[in-house]
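Asker: Here it is, the structure, as structure tokens.
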Amino acid sequence: MKSTTKLCFAILGALLIPPVEAAASEGDEPTSCRLWLAPSAVSTDRKPKFGLFAGATYSMDDIIPLSELAIPLSDFMEYPNRARSQYDSDILDFVQSFVWTSEYAGGRWEGNYSSTVFVPGIGILSNYHTGHSNVDWLQGAMRSHSRALPHPSRGAITPYYNMTLRAIRTIPAGMELFANFGEQWDGSFGDDAFQDKLTRWEYQDADKLLDKIVDFMDQFGDQMSETLKDDVLDFMLEKVLGTATGKRAKIIKSLIPAHPQKLQRVLDAGGTFVYRNRDLVKSPRWLEDNGICVDKMRGDTSTIPDAGRGAFATRKIAKDELIVPVPMIPVGNKALMDMYEFVENHDEEGRPTGLTYNFEKYRGQQLLVNYCFGHPESSLLLMPVGPLATLINHGSLRDKANAYLTWSKHTSVWNDHSLHDLHVHEVMNQEYPNIVMEIYAIRDIEEGEEIFIDYGAAWEQAWVEYKENWQASTLDGKWPLKAEDMNSIFLTKPFPINLQQDSSPYPDGVATACYIYIGEQTDGEAHENEDGLSIFPWIGPKSFEDYVGQVLTVCDLRGREESVEHGFVYMVRARLPGQDEVVEVKGVPHVAVTLVDQPYQADHHRPGAFRHPIAVEDQRWPQAWRDLRG
């Protein structure tokens, strides 16, 4: 009876104490392909979707391969862009479902009103599931290019790269990757027959309970008969569980096996969600029959000077071999990429009435244009989703290209060829237009070799002319310093404090920001400063890789001390994210302070920055899509 009482308290505690993830068992051998693209478990005939599947078992905190770029979109979803027409507003609604909020990439201040980022590959293809998430962003891995020297690519390529996912629980080989989209998505798919009716919170509570029961059985099982084990488990699930969880007891009980001998099987399978949905774990044969291996490339610094990132072969790729599939997101009006200055309108009493564009003040185009595929006779742009496809740089077919783009021939990761006969407006009126291209090798490509495709003669000519004009305009070699240039200076050097407007060492348009994590106010210490601001201690993660962009906020550095652990720590004033209150925070480590570009101050907002879509070969672009042809 003593043991049973102990288990009662253990179960009650399991539902009140945060979960502790168990490490994956040793000895899981990876398959030859670490990541596959295949039809998603949440795909339907009406709304086809592709997903990423683990080719090997990933343990908790393992890094998922294929880190991606993040391409900022500044004020793209705002009303003035939608006000062009209902058709344009519908396009933006469609695109909005594929972008992430900018704090995941550290680009919160790209726009004046809203900032989002397009993250291809893992950012689009890791789907949402109501009952489960097994990957999340490793936001501390995000990097920005530091470009202290001027070169023509400044402003033409995204500064954000190395967007990385890590496993937040064991992912068995064959399991689809499901990302944590945030609590705002939970409960929004109740009518979707292909989503789970249970929430991830219920599965997580069931897993915590299961861990406690299995631990108890391991500890005391040899002292109990099989009948007593059954009785104890039944008592726990019928009596104690109801006390701990109330109305949710029935749901959680349904996820726990009624027989003690099956408990360990659930843990070994990867938890209650995976055990309940074992059909989501695909066999190697299924992946080979229905999927495409997508780990044939890796990202690294391009061999082209100042081109930023490039895609490199992870193994030898034979001539005519498929390198990567490239699903596309269609944007049915490329004019939506044009940017203009905003006008803030007010009524006679000075109250704001909304935003409009000043079409006489053109600001340029969204940076995303440089990563899209298109055709000069078409209003349609195609946003590439294929893993690492946006890292593939230009190489002319005359001497450098070793790969080419064509329409998908795959039967499962398929292109809807019937769309080629529809006009652009008709394509966009489809509920979910399925457009897929593929990149093949022109010749044998050696392991470690950079992969290139031909962006087209028009793109190449535009780039040559842009470089010539750029060089003529920068003969003095000067270039305005930006936040990342300054961050490289203050990597180990202390940030200045108590800056006045006329004494700042930072360039115009650069501000300090801090990752703010606050703890409880400490007894025996002042809770307010001389200005009446509340004082809090900083209690953030020990590792920078565990920081999250949601807590990054503009801050004012007011004090500094040297620290053995952190080098320097700061006393700062900041407005907490999502709140109006300004507080004082003590003990902010040097690594938690950074410099950011203010809205429209980064290189890619520079007037005249290079913009040109990547060309799809003329013979491959459908005739019906050429709506701009005279």
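Note on naming: chains are A, B, ... as they come in the structure tokens, residues start from 1 per chain, ligands start from 1 in the order shown.
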Output as JSON, numbers by chain all residues of range 199-448 of chain A that backbone DSSP marks as strand (DSSP E).
Answerer: {"A": [292, 293, 297, 298, 299, 300, 301, 309, 310, 311, 312, 313, 322, 323, 324, 325, 326, 327, 328, 329, 330, 331, 338, 339, 340, 341, 342, 343, 344, 345, 346, 352, 353, 354, 355, 356, 357, 358, 359, 360, 361, 362, 363, 364, 365, 373, 374, 381, 382, 383, 384, 393, 394, 403, 404, 405, 406, 407, 435, 436, 437, 438, 439, 440, 441]}
Asker: Would you please extract all alpha helix (DSSP H) residues from range 456-623 of chain A, as assigned by DSSP on the backbone, and give them as a list in words?
Answerer: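 So the alpha helix (DSSP H) residues in range 456-623 of chain A would be Ala457, Ala458, Trp459, Glu460, Gln461, Ala462, Trp463, Val464, Glu465, Tyr466, Lys467, Glu468, Asn469, Trp470, Gln471, Ala472, Ser473, Ala483, Glu484, Asp485, Met486, Asn487, Ser488 and Ile489 of chain A.
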Asker: For Tyr161 in chain A, work out the shell of residues within 12 Å, counting only C-alpha atoms and skipping chain neighbours fewer than 3 positions away, then give it as an NGL selection string.
Answerer: :A and (66-72 or 104-107 or 117-120 or 139-146 or 157-158 or 164 or 299-301 or 308-310 or 388 or 390-391)
Asker: Those selected residues, please, written with C-alpha atoms and delivered as an mmCIF file, in the first residue's frame.
Answerer:
```
data_model
loop_
_atom_site.group_PDB
_atom_site.id
_atom_site.type_symbol
_atom_site.label_atom_id
_atom_site.label_comp_id
_atom_site.auth_asym_id
_atom_site.auth_seq_id
_atom_site.Cartn_x
_atom_site.Cartn_y
_atom_site.Cartn_z
ATOM 1 C CA LEU A 66 19.446 21.980 -44.265
ATOM 2 C CA SER A 67 19.677 25.348 -42.510
ATOM 3 C CA GLU A 68 18.026 28.013 -44.645
ATOM 4 C CA LEU A 69 18.011 31.683 -45.574
ATOM 5 C CA ALA A 70 15.386 34.040 -44.177
ATOM 6 C CA ILE A 71 14.214 36.650 -46.665
ATOM 7 C CA PRO A 72 12.596 39.730 -45.084
ATOM 8 C CA TYR A 104 12.328 34.240 -35.488
ATOM 9 C CA ALA A 105 15.088 35.659 -37.713
ATOM 10 C CA GLY A 106 16.005 38.728 -35.653
ATOM 11 C CA GLY A 107 14.458 41.073 -38.221
ATOM 12 C CA VAL A 117 10.240 36.554 -43.253
ATOM 13 C CA PHE A 118 9.999 33.940 -45.969
ATOM 14 C CA VAL A 119 11.960 30.827 -44.934
ATOM 15 C CA PRO A 120 11.979 28.216 -47.721
ATOM 16 C CA GLN A 139 16.932 30.907 -32.887
ATOM 17 C CA GLY A 140 20.366 31.456 -31.413
ATOM 18 C CA ALA A 141 21.861 29.744 -34.476
ATOM 19 C CA MET A 142 20.570 32.536 -36.739
ATOM 20 C CA ARG A 143 23.337 34.565 -38.344
ATOM 21 C CA SER A 144 23.628 37.807 -40.292
ATOM 22 C CA HIS A 145 26.281 38.684 -42.839
ATOM 23 C CA SER A 146 28.852 41.203 -41.667
ATOM 24 C CA ILE A 157 21.123 39.268 -50.901
ATOM 25 C CA THR A 158 19.408 38.636 -47.598
ATOM 26 C CA THR A 164 17.925 26.066 -38.123
ATOM 27 C CA GLY A 299 24.902 25.522 -47.419
ATOM 28 C CA ASP A 300 28.244 27.299 -47.108
ATOM 29 C CA THR A 301 30.026 30.466 -48.227
ATOM 30 C CA GLY A 308 26.951 35.288 -49.709
ATOM 31 C CA ARG A 309 25.803 31.699 -49.316
ATOM 32 C CA GLY A 310 25.981 28.914 -51.891
ATOM 33 C CA LEU A 388 18.333 24.987 -50.101
ATOM 34 C CA THR A 390 17.486 29.607 -52.816
ATOM 35 C CA LEU A 391 21.200 29.051 -52.117
#
```
Asker: For Leu92 in chain A, please output as a compact mmCIF listing (two decimals) with C-alpha atoms, in the first residue's frame all residues within 12 Å (counting only C-alpha atoms; exclusion window: fewer than 2 positions along the same chain).
Answerer:
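around-v2.txt was written with the following content:
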```txt
# COMPACT_ATOMS: atom_id res chain seq x y z
CA LEU A 73 9.31 41.23 -46.25
CA ASP A 75 5.21 46.05 -44.56
CA PHE A 76 4.24 43.61 -47.31
CA MET A 77 0.90 42.58 -45.78
CA GLU A 78 -0.27 46.09 -44.91
CA TYR A 79 -3.55 47.61 -46.11
CA PRO A 80 -2.13 49.83 -48.91
CA ASN A 81 -0.81 46.72 -50.66
CA ARG A 82 -4.15 44.97 -50.20
CA ALA A 83 -6.13 48.01 -51.33
CA ARG A 84 -4.99 47.62 -54.95
CA SER A 85 -7.82 45.12 -55.57
CA GLN A 86 -9.65 42.19 -53.98
CA TYR A 87 -7.59 39.90 -56.21
CA ASP A 88 -4.38 41.33 -54.75
CA SER A 89 -5.72 41.08 -51.21
CA ASP A 90 -6.54 37.41 -51.79
CA PHE A 94 -2.56 33.14 -49.55
CA VAL A 95 1.10 34.12 -49.20
CA GLN A 96 0.66 35.10 -45.54
CA SER A 97 0.04 31.46 -44.59
CA PHE A 98 3.61 30.64 -45.69
CA VAL A 99 5.62 33.31 -43.84
CA ILE A 329 4.26 29.33 -54.14
CA PRO A 330 2.64 31.42 -56.88
CA VAL A 331 2.28 35.20 -56.51
CA GLY A 332 -0.16 36.29 -59.19
CA ASN A 333 0.84 39.95 -59.43
CA LYS A 334 4.52 40.87 -59.27
CA ALA A 335 3.52 44.53 -58.80
CA LEU A 336 2.78 43.57 -55.16
CA MET A 337 6.56 43.53 -54.69
CA MET A 428 -4.55 32.05 -58.37
```
Asker: Quick one: pull the distance between CA of Leu397 in chain A and CA of Ala457 in chain A, Å, one decimal.
Answerer: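 So the two atoms, CA of Leu397 in chain A and CA of Ala457 in chain A, lie 9.8 Å apart.
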Asker: List every residue of range 472-576 of chain A that has an atom at most 12 Å from any atom of range 599-603 of chain A, and for each one report the closest atom pair and its distance in Å to one decimal, counting only C-alpha atoms, with rows sorted by chain and then by increasing residue number, as a Markdown table.
Answerer:
```
| residue | atom | partner | partner_atom | distance |
| --- | --- | --- | --- | --- |
| A:Trp479 | CA | A:Asp603 | CA | 10.0 |
| A:Pro480 | CA | A:Asp603 | CA | 8.9 |
| A:Leu481 | CA | A:Asp603 | CA | 9.3 |
| A:Lys482 | CA | A:Ala602 | CA | 6.6 |
| A:Ala483 | CA | A:Ala602 | CA | 8.0 |
| A:Glu484 | CA | A:Ala602 | CA | 9.5 |
| A:Asp485 | CA | A:Ala602 | CA | 11.0 |
| A:Pro507 | CA | A:Gln601 | CA | 10.4 |
| A:Asp508 | CA | A:Gln601 | CA | 8.7 |
| A:Gly509 | CA | A:Gln601 | CA | 5.8 |
| A:Val510 | CA | A:Gln601 | CA | 7.9 |
| A:Ala511 | CA | A:Pro599 | CA | 10.5 |
```
Asker: Could you please take those selected residues and save N, CA and C atoms as a CSV table (one decimal), in the first residue's frame?
Answerer:
```csv
chain,number,residue,atom,x,y,z
A,479,TRP,N,31.3,53.3,-47.7
A,479,TRP,CA,30.0,52.7,-47.6
A,479,TRP,C,29.4,52.8,-46.2
A,480,PRO,N,28.2,53.2,-46.1
A,480,PRO,CA,27.7,53.5,-44.7
A,480,PRO,C,27.7,52.2,-43.9
A,481,LEU,N,28.2,52.3,-42.7
A,481,LEU,CA,28.2,51.1,-41.8
A,481,LEU,C,26.8,50.8,-41.3
A,482,LYS,N,26.5,49.5,-41.2
A,482,LYS,CA,25.2,49.0,-40.7
A,482,LYS,C,25.4,48.3,-39.4
A,483,ALA,N,24.3,47.8,-38.9
A,483,ALA,CA,24.3,47.2,-37.5
A,483,ALA,C,25.3,46.0,-37.5
A,484,GLU,N,25.3,45.1,-38.5
A,484,GLU,CA,26.2,44.0,-38.4
A,484,GLU,C,27.6,44.3,-38.5
A,485,ASP,N,27.9,45.4,-39.3
A,485,ASP,CA,29.3,45.9,-39.3
A,485,ASP,C,29.7,46.3,-37.9
A,507,PRO,N,26.4,54.5,-36.3
A,507,PRO,CA,25.9,55.3,-37.5
A,507,PRO,C,24.4,55.6,-37.4
A,508,ASP,N,24.0,56.6,-38.1
A,508,ASP,CA,22.5,56.9,-38.1
A,508,ASP,C,21.8,55.6,-38.6
A,509,GLY,N,20.6,55.4,-37.9
A,509,GLY,CA,19.8,54.2,-38.3
A,509,GLY,C,20.2,53.0,-37.6
A,510,VAL,N,21.1,53.0,-36.6
A,510,VAL,CA,21.5,51.8,-35.8
A,510,VAL,C,21.1,52.1,-34.4
A,511,ALA,N,20.5,51.1,-33.7
A,511,ALA,CA,20.1,51.2,-32.3
A,511,ALA,C,20.5,49.9,-31.5
```
Asker: CA of Glu530 in chain A and CA of His566 in chain A are how many Å apart?
Answerer: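 Atom-to-atom, CA of Glu530 in chain A and CA of His566 in chain A are spaced 26.9 Å apart.
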Asker: I'd like the neighbourhood of Ile435 in chain A as a PDB file with N, CA and C atoms, in the first residue's frame, where a residue qualifies if any of its atoms comes within 6 Å (using only C-alpha atoms), though same-chain residues fewer than 6 positions away should be ignored.
Answerer:
```
ATOM      1  N   PRO A 327       9.054  22.742 -54.961  1.00  0.00           N
ATOM      2  CA  PRO A 327       7.672  23.239 -54.944  1.00  0.00           C
ATOM      3  C   PRO A 327       7.682  24.766 -54.969  1.00  0.00           C
ATOM      4  N   MET A 328       6.670  25.347 -55.581  1.00  0.00           N
ATOM      5  CA  MET A 328       6.605  26.800 -55.751  1.00  0.00           C
ATOM      6  C   MET A 328       5.324  27.364 -55.143  1.00  0.00           C
ATOM      7  N   ASN A 415       3.698  17.917 -60.047  1.00  0.00           N
ATOM      8  CA  ASN A 415       3.268  19.206 -60.574  1.00  0.00           C
ATOM      9  C   ASN A 415       1.923  19.036 -61.272  1.00  0.00           C
TER      10      ASN A 415
END
```
